[in-house]
file work_23.cif (mmCIF, C-alpha atoms and all ligand atoms)
data_final
#
loop_
_atom_site.label_atom_id
_atom_site.label_comp_id
_atom_site.auth_asym_id
_atom_site.auth_seq_id
_atom_site.Cartn_x
_atom_site.Cartn_y
_atom_site.Cartn_z
CA MET A 19 63.94 -49.69 47.99
CA GLY A 20 61.23 -47.57 49.63
CA TYR A 21 58.11 -48.71 51.46
CA ASP A 22 55.03 -47.10 52.93
CA ARG A 23 55.50 -45.63 56.36
CA PRO A 24 53.62 -47.94 58.71
CA ARG A 25 50.53 -46.71 60.51
CA LEU A 26 51.49 -46.28 64.13
CA ALA A 27 49.51 -47.08 67.21
CA ASN A 28 50.10 -43.72 68.84
CA ILE A 29 48.13 -43.09 72.00
CA GLY A 30 47.67 -39.65 73.55
CA TYR A 31 47.16 -38.72 77.17
CA ILE A 32 44.75 -36.11 78.56
CA GLN A 33 44.98 -35.21 82.23
CA VAL A 34 41.32 -34.40 82.87
CA VAL A 35 41.86 -33.32 86.50
CA ARG A 36 44.87 -32.99 88.75
CA HIS A 37 43.31 -33.50 92.16
CA CYS A 38 42.94 -36.92 93.72
CA ASN A 39 41.22 -38.80 96.53
CA HIS A 40 44.52 -40.48 97.48
CA LEU A 41 47.78 -38.85 98.60
CA CYS A 42 50.69 -40.92 97.28
CA GLY A 43 54.09 -39.67 98.45
CA PHE A 44 55.52 -40.21 94.96
CA CYS A 45 52.73 -38.66 92.89
CA SER A 46 54.36 -37.05 89.85
CA ASN A 47 51.20 -35.19 88.79
CA PRO A 48 49.64 -33.63 91.90
CA THR A 49 46.99 -30.89 92.23
CA THR A 50 47.29 -27.69 90.17
CA PRO A 51 45.00 -24.67 89.72
CA TYR A 52 44.17 -25.67 86.13
CA THR A 53 40.75 -27.11 85.34
CA HIS A 54 39.12 -28.68 82.29
CA ASP A 55 35.54 -28.57 81.08
CA PHE A 56 34.04 -30.53 78.21
CA ALA A 57 34.90 -27.84 75.64
CA SER A 58 38.58 -27.64 76.64
CA MET A 59 38.92 -31.45 76.59
CA LYS A 60 37.09 -31.76 73.26
CA VAL A 61 39.77 -29.62 71.54
CA LEU A 62 42.43 -32.10 72.67
CA VAL A 63 40.44 -35.11 71.49
CA ASP A 64 39.93 -33.42 68.11
CA ASP A 65 43.69 -32.84 67.84
CA PHE A 66 44.41 -36.56 68.42
CA VAL A 67 41.83 -37.47 65.77
CA ALA A 68 43.41 -35.06 63.26
CA ARG A 69 46.80 -36.69 63.89
CA GLY A 70 45.44 -40.15 63.16
CA TYR A 71 46.06 -41.34 66.71
CA PHE A 72 44.78 -44.79 67.63
CA GLY A 73 43.54 -43.99 71.11
CA VAL A 74 43.33 -41.70 74.09
CA ILE A 75 44.10 -42.33 77.75
CA LEU A 76 42.10 -40.24 80.22
CA THR A 77 44.23 -39.74 83.27
CA GLY A 78 44.98 -37.33 86.12
CA GLY A 79 45.19 -36.76 89.08
CA GLU A 80 42.28 -39.12 89.49
CA PRO A 81 40.15 -38.83 86.32
CA THR A 82 37.02 -40.39 87.81
CA LEU A 83 36.60 -37.22 89.91
CA HIS A 84 35.75 -35.15 86.82
CA PRO A 85 31.96 -34.79 86.54
CA GLU A 86 32.06 -34.76 82.72
CA LEU A 87 34.24 -37.86 82.35
CA PRO A 88 31.46 -40.03 80.81
CA ARG A 89 30.67 -37.24 78.33
CA ILE A 90 34.26 -36.82 77.10
CA ALA A 91 34.72 -40.61 76.95
CA ALA A 92 31.60 -40.88 74.79
CA TYR A 93 32.79 -38.09 72.52
CA ALA A 94 36.24 -39.67 72.03
CA HIS A 95 34.60 -43.02 71.32
CA GLU A 96 32.27 -41.46 68.71
CA GLN A 97 35.34 -39.97 67.00
CA GLY A 98 36.78 -43.48 66.59
CA LEU A 99 39.45 -43.38 69.30
CA HIS A 100 40.14 -46.38 71.51
CA VAL A 101 39.16 -44.99 74.91
CA ARG A 102 41.19 -45.89 77.98
CA MET A 103 41.52 -44.58 81.51
CA ILE A 104 44.13 -44.80 84.27
CA THR A 105 42.55 -44.81 87.72
CA ASN A 106 43.34 -45.70 91.32
CA GLY A 107 40.18 -47.83 91.19
CA THR A 108 38.34 -46.34 94.17
CA ARG A 109 35.36 -45.04 92.18
CA LEU A 110 35.15 -48.32 90.26
CA GLY A 111 33.95 -49.80 93.55
CA ASP A 112 30.63 -48.11 92.64
CA GLU A 113 29.14 -50.44 90.03
CA SER A 114 26.69 -47.86 88.65
CA PHE A 115 29.63 -45.59 87.77
CA VAL A 116 31.37 -48.45 85.98
CA ARG A 117 28.17 -49.17 84.03
CA GLU A 118 27.92 -45.52 83.01
CA MET A 119 31.53 -45.44 81.80
CA ALA A 120 31.12 -48.72 79.90
CA GLN A 121 28.01 -47.37 78.19
CA ALA A 122 29.92 -44.18 77.33
CA GLY A 123 32.47 -46.22 75.40
CA LEU A 124 35.29 -46.88 77.85
CA GLN A 125 37.09 -49.93 76.46
CA LEU A 126 40.07 -50.41 78.72
CA VAL A 127 40.85 -49.38 82.27
CA HIS A 128 44.32 -49.40 83.82
CA VAL A 129 43.77 -49.89 87.55
CA SER A 130 46.77 -48.75 89.55
CA ILE A 131 47.68 -51.07 92.43
CA TYR A 132 51.10 -50.93 94.06
CA SER A 133 50.89 -53.82 96.49
CA VAL A 134 48.42 -56.55 97.39
CA ARG A 135 49.61 -56.24 101.00
CA PRO A 136 46.90 -53.98 102.52
CA GLU A 137 49.24 -52.23 104.99
CA ILE A 138 51.76 -51.38 102.22
CA GLU A 139 49.06 -50.19 99.84
CA ALA A 140 47.53 -47.99 102.57
CA LYS A 141 50.93 -46.48 103.38
CA LEU A 142 51.67 -45.74 99.73
CA ARG A 143 48.16 -44.38 99.00
CA GLY A 144 47.77 -42.31 102.13
CA VAL A 145 44.28 -43.80 102.66
CA GLU A 146 42.90 -46.94 104.25
CA GLY A 147 40.66 -49.43 102.47
CA SER A 148 41.53 -48.53 98.90
CA LEU A 149 42.67 -52.05 98.03
CA ASP A 150 39.31 -53.75 98.58
CA ARG A 151 37.52 -51.09 96.52
CA ALA A 152 40.05 -51.45 93.70
CA PHE A 153 39.66 -55.26 93.74
CA ALA A 154 35.86 -54.86 93.58
CA GLY A 155 36.27 -52.29 90.80
CA ILE A 156 38.38 -54.68 88.74
CA ASP A 157 35.59 -57.23 88.82
CA HIS A 158 32.88 -54.61 88.10
CA ALA A 159 34.78 -53.47 85.03
CA HIS A 160 35.19 -57.04 83.81
CA ALA A 161 31.48 -57.72 84.38
CA HIS A 162 30.57 -54.70 82.23
CA GLY A 163 32.85 -55.66 79.35
CA VAL A 164 35.67 -53.20 80.05
CA GLU A 165 39.10 -54.79 79.67
CA VAL A 166 41.26 -54.43 82.79
CA ASN A 167 45.02 -53.91 82.90
CA ILE A 168 46.97 -53.50 86.13
CA ASN A 169 49.44 -50.62 86.43
CA CYS A 170 52.07 -50.67 89.16
CA VAL A 171 54.62 -48.01 90.09
CA ILE A 172 57.77 -49.75 91.31
CA ASN A 173 59.00 -48.10 94.50
CA ARG A 174 61.07 -48.88 97.56
CA PHE A 175 58.13 -50.44 99.46
CA ASN A 176 56.96 -52.94 96.83
CA ALA A 177 60.33 -53.59 95.17
CA GLY A 178 60.82 -56.94 96.89
CA HIS A 179 57.39 -58.47 96.25
CA LEU A 180 56.32 -57.63 92.70
CA ASP A 181 55.92 -61.36 92.03
CA GLU A 182 53.64 -61.75 95.08
CA ASN A 183 51.33 -59.15 93.53
CA ILE A 184 51.18 -61.17 90.32
CA ARG A 185 50.43 -64.44 92.10
CA HIS A 186 47.47 -62.70 93.74
CA PHE A 187 46.06 -61.45 90.42
CA LEU A 188 46.54 -64.79 88.68
CA ARG A 189 44.67 -66.55 91.48
CA HIS A 190 41.86 -64.06 92.23
CA HIS A 191 41.38 -62.05 89.02
CA PRO A 192 42.40 -64.44 86.24
CA HIS A 193 40.59 -62.38 83.58
CA ILE A 194 43.38 -59.77 83.71
CA ARG A 195 45.63 -60.39 80.72
CA HIS A 196 47.97 -57.39 80.67
CA PHE A 197 50.20 -55.70 83.25
CA VAL A 198 52.15 -52.42 83.09
CA TRP A 199 55.09 -51.61 85.35
CA ASN A 200 56.40 -48.07 85.75
CA ASN A 201 59.62 -47.53 87.60
CA LEU A 202 59.15 -44.50 89.83
CA ASP A 203 59.69 -41.16 88.09
CA PRO A 204 61.65 -39.12 90.64
CA SER A 205 61.70 -35.90 88.66
CA MET A 206 58.34 -34.24 89.31
CA GLY A 207 55.73 -33.43 91.90
CA ARG A 208 55.82 -35.14 95.30
CA ALA A 209 58.14 -37.86 93.94
CA GLU A 210 60.86 -35.26 93.57
CA VAL A 211 60.70 -34.01 97.16
CA ASN A 212 60.24 -37.49 98.68
CA GLN A 213 62.93 -39.28 96.70
CA ASP A 214 64.75 -40.62 99.75
CA GLN A 215 61.62 -42.37 101.05
CA PHE A 216 60.30 -43.93 97.88
CA THR A 217 62.88 -44.21 95.06
CA PRO A 218 64.19 -47.78 94.80
CA ARG A 219 67.65 -48.82 93.69
CA LEU A 220 67.47 -50.79 90.46
CA ALA A 221 68.97 -53.82 92.19
CA ASP A 222 66.17 -53.72 94.82
CA PHE A 223 63.59 -54.93 92.31
CA GLU A 224 65.62 -56.73 89.65
CA LEU A 225 64.92 -60.21 90.97
CA SER A 226 61.27 -59.77 91.95
CA LEU A 227 60.51 -58.07 88.63
CA TYR A 228 62.15 -60.96 86.80
CA ARG A 229 60.07 -63.47 88.78
CA ALA A 230 56.89 -61.47 88.11
CA LEU A 231 57.55 -61.24 84.37
CA ARG A 232 58.41 -64.94 84.18
CA LEU A 233 55.15 -65.84 85.94
CA LEU A 234 53.18 -63.67 83.55
CA HIS A 235 54.98 -64.96 80.47
CA ARG A 236 54.47 -68.60 81.47
CA SER A 237 50.77 -67.97 82.10
CA GLY A 238 50.30 -66.43 78.65
CA ARG A 239 49.81 -62.85 79.90
CA THR A 240 51.39 -59.83 78.29
CA PHE A 241 53.19 -56.93 79.96
CA ARG A 242 55.14 -53.73 79.45
CA VAL A 243 57.85 -52.20 81.62
CA GLU A 244 58.61 -48.49 81.60
CA LYS A 245 61.69 -46.60 82.84
CA VAL A 246 63.73 -49.73 83.56
CA PRO A 247 67.07 -49.88 81.66
CA LEU A 248 67.45 -53.00 79.54
CA CYS A 249 70.43 -54.29 81.55
CA TYR A 250 67.91 -54.93 84.35
CA MET A 251 65.53 -56.95 82.16
CA THR A 252 67.53 -58.58 79.37
CA ASP A 253 65.35 -61.74 79.17
CA PHE A 254 62.27 -59.57 78.63
CA ALA A 255 63.85 -56.58 76.88
CA TRP A 256 61.19 -56.78 74.17
CA ALA A 257 58.63 -55.71 76.80
CA SER A 258 60.29 -52.36 77.50
CA THR A 259 57.92 -49.54 76.53
CA GLU A 260 60.78 -47.24 75.52
CA THR A 261 62.48 -49.97 73.45
CA ARG A 262 59.25 -50.79 71.61
CA LYS A 263 58.70 -47.13 70.82
CA ILE A 264 62.32 -46.66 69.68
CA VAL A 265 62.05 -49.75 67.43
CA LYS A 266 58.72 -48.67 65.94
CA GLY A 267 59.41 -44.92 65.81
CA GLU A 268 56.28 -44.11 67.81
CA GLU A 269 55.59 -40.86 69.57
CA ARG A 270 53.44 -39.95 72.55
CA ILE A 271 51.69 -36.69 73.35
CA VAL A 272 50.80 -35.88 76.93
CA HIS A 273 48.48 -32.94 77.61
CA PHE A 274 49.60 -31.94 81.11
CA LEU A 275 47.04 -29.98 83.08
CA ASP A 276 49.76 -27.67 84.41
CA ASP A 277 52.32 -25.15 83.15
CA LYS A 278 54.06 -27.79 80.98
CA GLN A 279 50.90 -27.94 78.80
CA SER A 280 51.44 -30.27 75.77
CA VAL A 281 54.56 -32.41 75.57
CA ARG A 282 55.26 -34.45 72.44
CA GLN A 283 57.72 -37.23 73.22
CA THR A 284 59.61 -38.52 70.21
CA ASP A 285 63.02 -38.95 71.82
CA TRP A 286 63.20 -41.74 74.39
CA GLU A 287 66.80 -41.26 75.42
CA HIS A 288 67.40 -40.45 79.04
CA ILE A 289 70.94 -40.76 80.37
CA TYR A 290 73.62 -43.37 79.89
CA ALA A 291 76.79 -44.47 81.65
CA ASP A 292 80.20 -44.54 79.96
CA GLY A 293 79.89 -48.32 79.68
CA CYS A 294 76.72 -47.99 77.60
CA ARG A 295 78.97 -47.11 74.62
CA VAL A 296 80.02 -50.75 74.27
CA CYS A 297 76.64 -52.26 75.16
CA SER A 298 75.02 -54.25 72.35
CA LEU A 299 71.58 -52.84 73.24
CA ARG A 300 72.55 -49.18 73.27
CA THR A 301 70.66 -48.26 70.05
CA ILE A 302 67.34 -49.64 71.30
CA CYS A 303 67.67 -48.84 75.01
CA GLY A 304 66.02 -45.84 76.64
CA GLY A 305 68.84 -45.77 79.21
CA LEU A 306 68.32 -44.56 82.73
CA PHE A 307 65.38 -42.34 83.58
CA ASP A 308 67.26 -39.87 85.68
CA ARG A 309 65.86 -36.42 85.20
CA GLY A 310 65.42 -36.08 88.93
CA ASN A 311 68.85 -37.42 89.92
CA GLY A 312 67.05 -40.22 91.74
CA TYR A 313 69.02 -43.02 90.10
CA ASP A 314 72.73 -43.54 89.69
CA PRO A 315 74.39 -44.29 86.31
CA ALA A 316 76.88 -46.42 88.27
CA GLU A 317 74.02 -48.95 88.54
CA LEU A 318 74.22 -49.64 84.79
CA SER A 319 76.44 -52.26 83.22
CA PRO A 320 76.77 -53.14 79.52
CA VAL A 321 75.33 -56.38 78.20
CA PHE A 322 76.40 -58.34 75.15
CA VAL A 323 73.28 -60.04 73.80
CA ASP A 324 71.70 -60.23 70.34
CA ARG A 325 69.95 -56.89 69.71
CA ASP A 326 68.30 -58.10 66.51
CA ALA A 327 66.65 -61.02 68.29
CA ILE A 328 64.91 -58.49 70.54
CA VAL A 329 63.89 -56.37 67.53
CA ALA A 330 62.60 -59.46 65.72
CA HIS A 331 60.50 -60.36 68.76
CA ILE A 332 58.90 -56.90 68.73
CA LEU A 333 58.30 -56.93 64.96
CA GLY A 334 56.66 -60.35 65.17
CA ASP A 335 54.35 -59.46 68.05
CA GLY A 336 50.84 -60.17 66.83
CA SER A 337 49.36 -58.07 69.65
CA ASP A 338 50.24 -54.94 67.66
CA PRO A 339 48.83 -55.47 64.17
CA SER A 340 49.06 -51.74 63.43
CA TYR A 341 52.79 -51.91 62.83
CA GLY A 342 53.45 -52.76 59.19
CA VAL A 343 57.17 -53.67 59.22
CA HIS A 344 57.79 -57.36 59.81
CA THR A 345 61.27 -58.19 58.54
CA LEU A 346 64.59 -57.19 60.04
CA ALA A 347 65.85 -56.01 56.63
CA GLN A 348 62.93 -53.59 56.25
CA TRP A 349 63.32 -52.47 59.82
CA ARG A 350 67.08 -51.75 59.49
CA GLU A 351 66.43 -49.68 56.35
CA ARG A 352 63.85 -47.59 58.17
CA PHE A 353 65.73 -47.39 61.47
CA ASP A 354 68.89 -46.09 59.79
CA ALA A 355 67.01 -43.58 57.59
CA PRO A 356 66.37 -40.00 58.76
CA ARG A 357 62.99 -39.66 60.45
CA PRO A 358 60.44 -38.18 57.99
CA ALA A 359 59.09 -34.73 58.85
CA ASP A 360 55.81 -34.87 60.77
CA PRO A 361 53.08 -32.88 59.03
CA HIS A 362 51.44 -32.07 62.36
CA GLY A 363 54.38 -30.88 64.48
CA ALA A 364 53.95 -30.16 68.17
CA PRO A 365 50.40 -29.47 69.37
CA ASN A 366 49.47 -25.84 69.68
CA VAL A 367 46.35 -26.00 71.82
CA ALA A 368 45.60 -24.63 75.26
CA VAL A 369 45.36 -27.34 77.91
CA GLY A 370 42.68 -26.51 80.45
CA ARG A 371 41.79 -23.17 81.96
CA LEU A 372 43.05 -20.96 84.79
CA THR A 373 40.09 -19.32 86.49
CA GLU A 374 39.58 -17.53 89.78
CA GLN A 375 37.32 -20.35 90.97
CA GLY A 376 39.96 -22.92 90.01
CA ARG A 377 42.64 -21.03 91.93
CA LYS A 378 40.45 -20.84 95.05
CA ARG A 379 39.69 -24.57 94.91
CA TYR A 380 43.38 -25.30 94.44
CA GLU A 381 44.37 -23.21 97.48
CA ALA A 382 41.76 -24.93 99.68
CA LYS A 383 42.82 -28.36 98.40
CA ARG A 384 46.49 -27.64 98.97
CA LYS A 385 45.85 -26.59 102.57
CA ALA A 386 43.92 -29.81 103.25
CA GLU A 387 46.58 -31.93 101.52
CA THR A 388 49.36 -30.24 103.48
CA ARG A 389 47.68 -31.25 106.75
CA ARG A 390 47.26 -34.84 105.51
CA ALA A 391 50.86 -34.96 104.29
CA GLN A 392 52.12 -33.89 107.71
CA ARG A 393 50.18 -36.72 109.34
CA LEU A 394 51.58 -39.18 106.77
CA GLY A 395 55.17 -37.98 107.15
CA ILE A 396 55.62 -36.92 103.54
CA GLU A 397 56.66 -33.63 101.99
CA MET A 398 54.29 -31.63 99.80
CA GLU A 399 55.34 -30.89 96.23
CA ARG A 400 56.72 -27.46 95.43
CA GLU A 401 54.27 -24.97 93.98
CA ALA A 402 54.87 -23.52 90.52
CA GLY A 403 57.56 -20.83 90.71
CA GLU A 404 58.86 -22.18 94.07
CA ASP A 405 62.59 -23.14 94.07
S1 LIG B 501 74.31 -50.62 79.81
FE1 LIG B 501 73.29 -48.74 79.10
S2 LIG B 501 72.64 -49.12 76.98
FE2 LIG B 501 73.16 -51.11 77.92
S3 LIG B 501 71.20 -51.86 78.65
FE3 LIG B 501 72.14 -50.75 80.38
S4 LIG B 501 71.36 -48.66 80.22
FE4 LIG B 501 70.94 -49.67 78.27
#
call {"tool": "encode", "arguments": {"input": "work_23.cif", "output": "structure tokens"}}
result
Amino acid sequence: MGYDRPRLANIGYIQVVRHCNHLCGFCSNPTTPYTHDFASMKVLVDDFVARGYFGVILTGGEPTLHPELPRIAAYAHEQGLHVRMITNGTRLGDESFVREMAQAGLQLVHVSIYSVRPEIEAKLRGVEGSLDRAFAGIDHAHAHGVEVNINCVINRFNAGHLDENIRHFLRHHPHIRHFVWNNLDPSMGRAEVNQDQFTPRLADFELSLYRALRLLHRSGRTFRVEKVPLCYMTDFAWASTETRKIVKGEERIVHFLDDKQSVRQTDWEHIYADGCRVCSLRTICGGLFDRGNGYDPAELSPVFVDRDAIVAHILGDGSDPSYGVHTLAQWRERFDAPRPADPHGAPNVAVGRLTEQGRKRYEAKRKAETRRAQRLGIEMEREAGED
């Protein structure tokens, strides 16, 4: 028996700039010579609208450094997209900027905070004082009606106290209802060349992540976890971003402001260990994110839990009303069927521009960042074309 293909809550990413006012040693998207203006960003927004996407995430680099950010946010909002932004929070410390973005139509801001311990946050950010500005920014956003989520990259320096971070937010910023964890992506940018300093072992954070998720779950908050194999989060496997996208057949397009240009992600498989073959979660697990050889498949071990209970949890999640399949029988029929052809295919639009002025700014920025990186004891990312 057939059924209508459910409308999916696909969300696209536009990197509006690639420079930043912080210098994280594990940045996977550092400065490039590419630049965007309103016209080049508008094309990307229009493409998401044509695909029937639900929303757009404006990201970077640090997106708040783009002078036309309010204008592109307003345009995306007028086109009916849910408008979100990922930021390090520093510019949100300026309340007038937050007001401007809220008036432009920004609905949700993901504020990235790695650690509530000021000395750890300063070390990871490469700047002092960012934590207080981000905390102030969180409250400014809330005051202006912009929903706040917290994003956190799991790394070697915060791996042991992820639950301490959550206790802080529950106590001091109780309006925050949703948290996103990203295990460090060791495959690109400065993360690739500084793997030894920052990449955690999976076992380093297993317990503190479990405690953090349990605290959030008990307090009625929601959360997602990205790039963590399911054998490291079996009790909360339904919160894995990759697993939810595999179950629901969602895709994601990222418009990288670099030579990669547009990437359409429909395949969430990374790498697996031999033991994954017998694991009961293999068909819904994204495996180990290991493009950069930063993690070791020997850290994986098969689990024997009820896969369908995890699927049922995802199907019954009222926080995603866009997904139209609610019974396991319907889901199995769809999951086992060949994926229907996508009428849109991969995007074929230019992402940003390469200009002489952009190249000059990039060279000056790279020189300044190289000096800062030396002081901080971190390696600079390779330039395009460099081995
Ligand atoms: S053993 Fe492999 S398939 Fe099973 S949860 Fe771990 S990574 Fe996923």
call {"tool": "residues_near_ligand", "arguments": {"input": "work_23.cif", "ligand": "ligand LIG 501 (chain B)", "cutoff": "8 Å", "atoms": "all atoms listed in the file", "output": "PyMOL selection string"}}
result
chain A and resi 247-250+252+289-291+293-306+318-321
call {"tool": "closest_residue", "arguments": {"input": "work_23.cif", "among": "A:Gly30, A:Pro365, A:Gly123, A:Pro204", "to": "Phe72 in chain A", "atoms": "all atoms listed in the file"}}
result
A:Gly30
call {"tool": "residues_near_point", "arguments": {"input": "work_23.cif", "point": "(61.6, -55.4, 71.8)", "cutoff": "8 Å", "atoms": "all atoms listed in the file", "output": "ChimeraX atom specification"}}
result
/A:255-258,261-262,265,328-333
call {"tool": "write_last_selection", "arguments": {"input": "work_23.cif", "atoms": "C-alpha atoms", "output": "mmCIF file, in the frame of the given file"}}
result
data_model
loop_
_atom_site.group_PDB
_atom_site.id
_atom_site.type_symbol
_atom_site.label_atom_id
_atom_site.label_comp_id
_atom_site.auth_asym_id
_atom_site.auth_seq_id
_atom_site.Cartn_x
_atom_site.Cartn_y
_atom_site.Cartn_z
ATOM 1 C CA ALA A 255 63.850 -56.580 76.880
ATOM 2 C CA TRP A 256 61.190 -56.780 74.170
ATOM 3 C CA ALA A 257 58.630 -55.710 76.800
ATOM 4 C CA SER A 258 60.290 -52.360 77.500
ATOM 5 C CA THR A 261 62.480 -49.970 73.450
ATOM 6 C CA ARG A 262 59.250 -50.790 71.610
ATOM 7 C CA VAL A 265 62.050 -49.750 67.430
ATOM 8 C CA ILE A 328 64.910 -58.490 70.540
ATOM 9 C CA VAL A 329 63.890 -56.370 67.530
ATOM 10 C CA ALA A 330 62.600 -59.460 65.720
ATOM 11 C CA HIS A 331 60.500 -60.360 68.760
ATOM 12 C CA ILE A 332 58.900 -56.900 68.730
ATOM 13 C CA LEU A 333 58.300 -56.930 64.960
#
call {"tool": "closest_residue", "arguments": {"input": "work_23.cif", "among": "A:Ala382, A:Leu180, A:Ala230, A:Val367", "to": "Arg135 in chain A", "atoms": "only C-alpha atoms"}}
result
A:Leu180
call {"tool": "atom_distance", "arguments": {"input": "work_23.cif", "atom1": "CA of Gly376 in chain A", "atom2": "CA of Phe66 in chain A"}}
result
25.9 Å
call {"tool": "residues_around", "arguments": {"input": "work_23.cif", "residues": "Phe241 in chain A", "least_positions_apart": "4", "cutoff": "7 Å", "atoms": "all atoms listed in the file", "output": "list of chain:residue names"}}
result
A:His196, A:Phe197, A:Val198, A:Ala257
call {"tool": "atom_distance", "arguments": {"input": "work_23.cif", "atom1": "CA of Met119 in chain A", "atom2": "CA of Arg379 in chain A"}}
result
26.0 Å
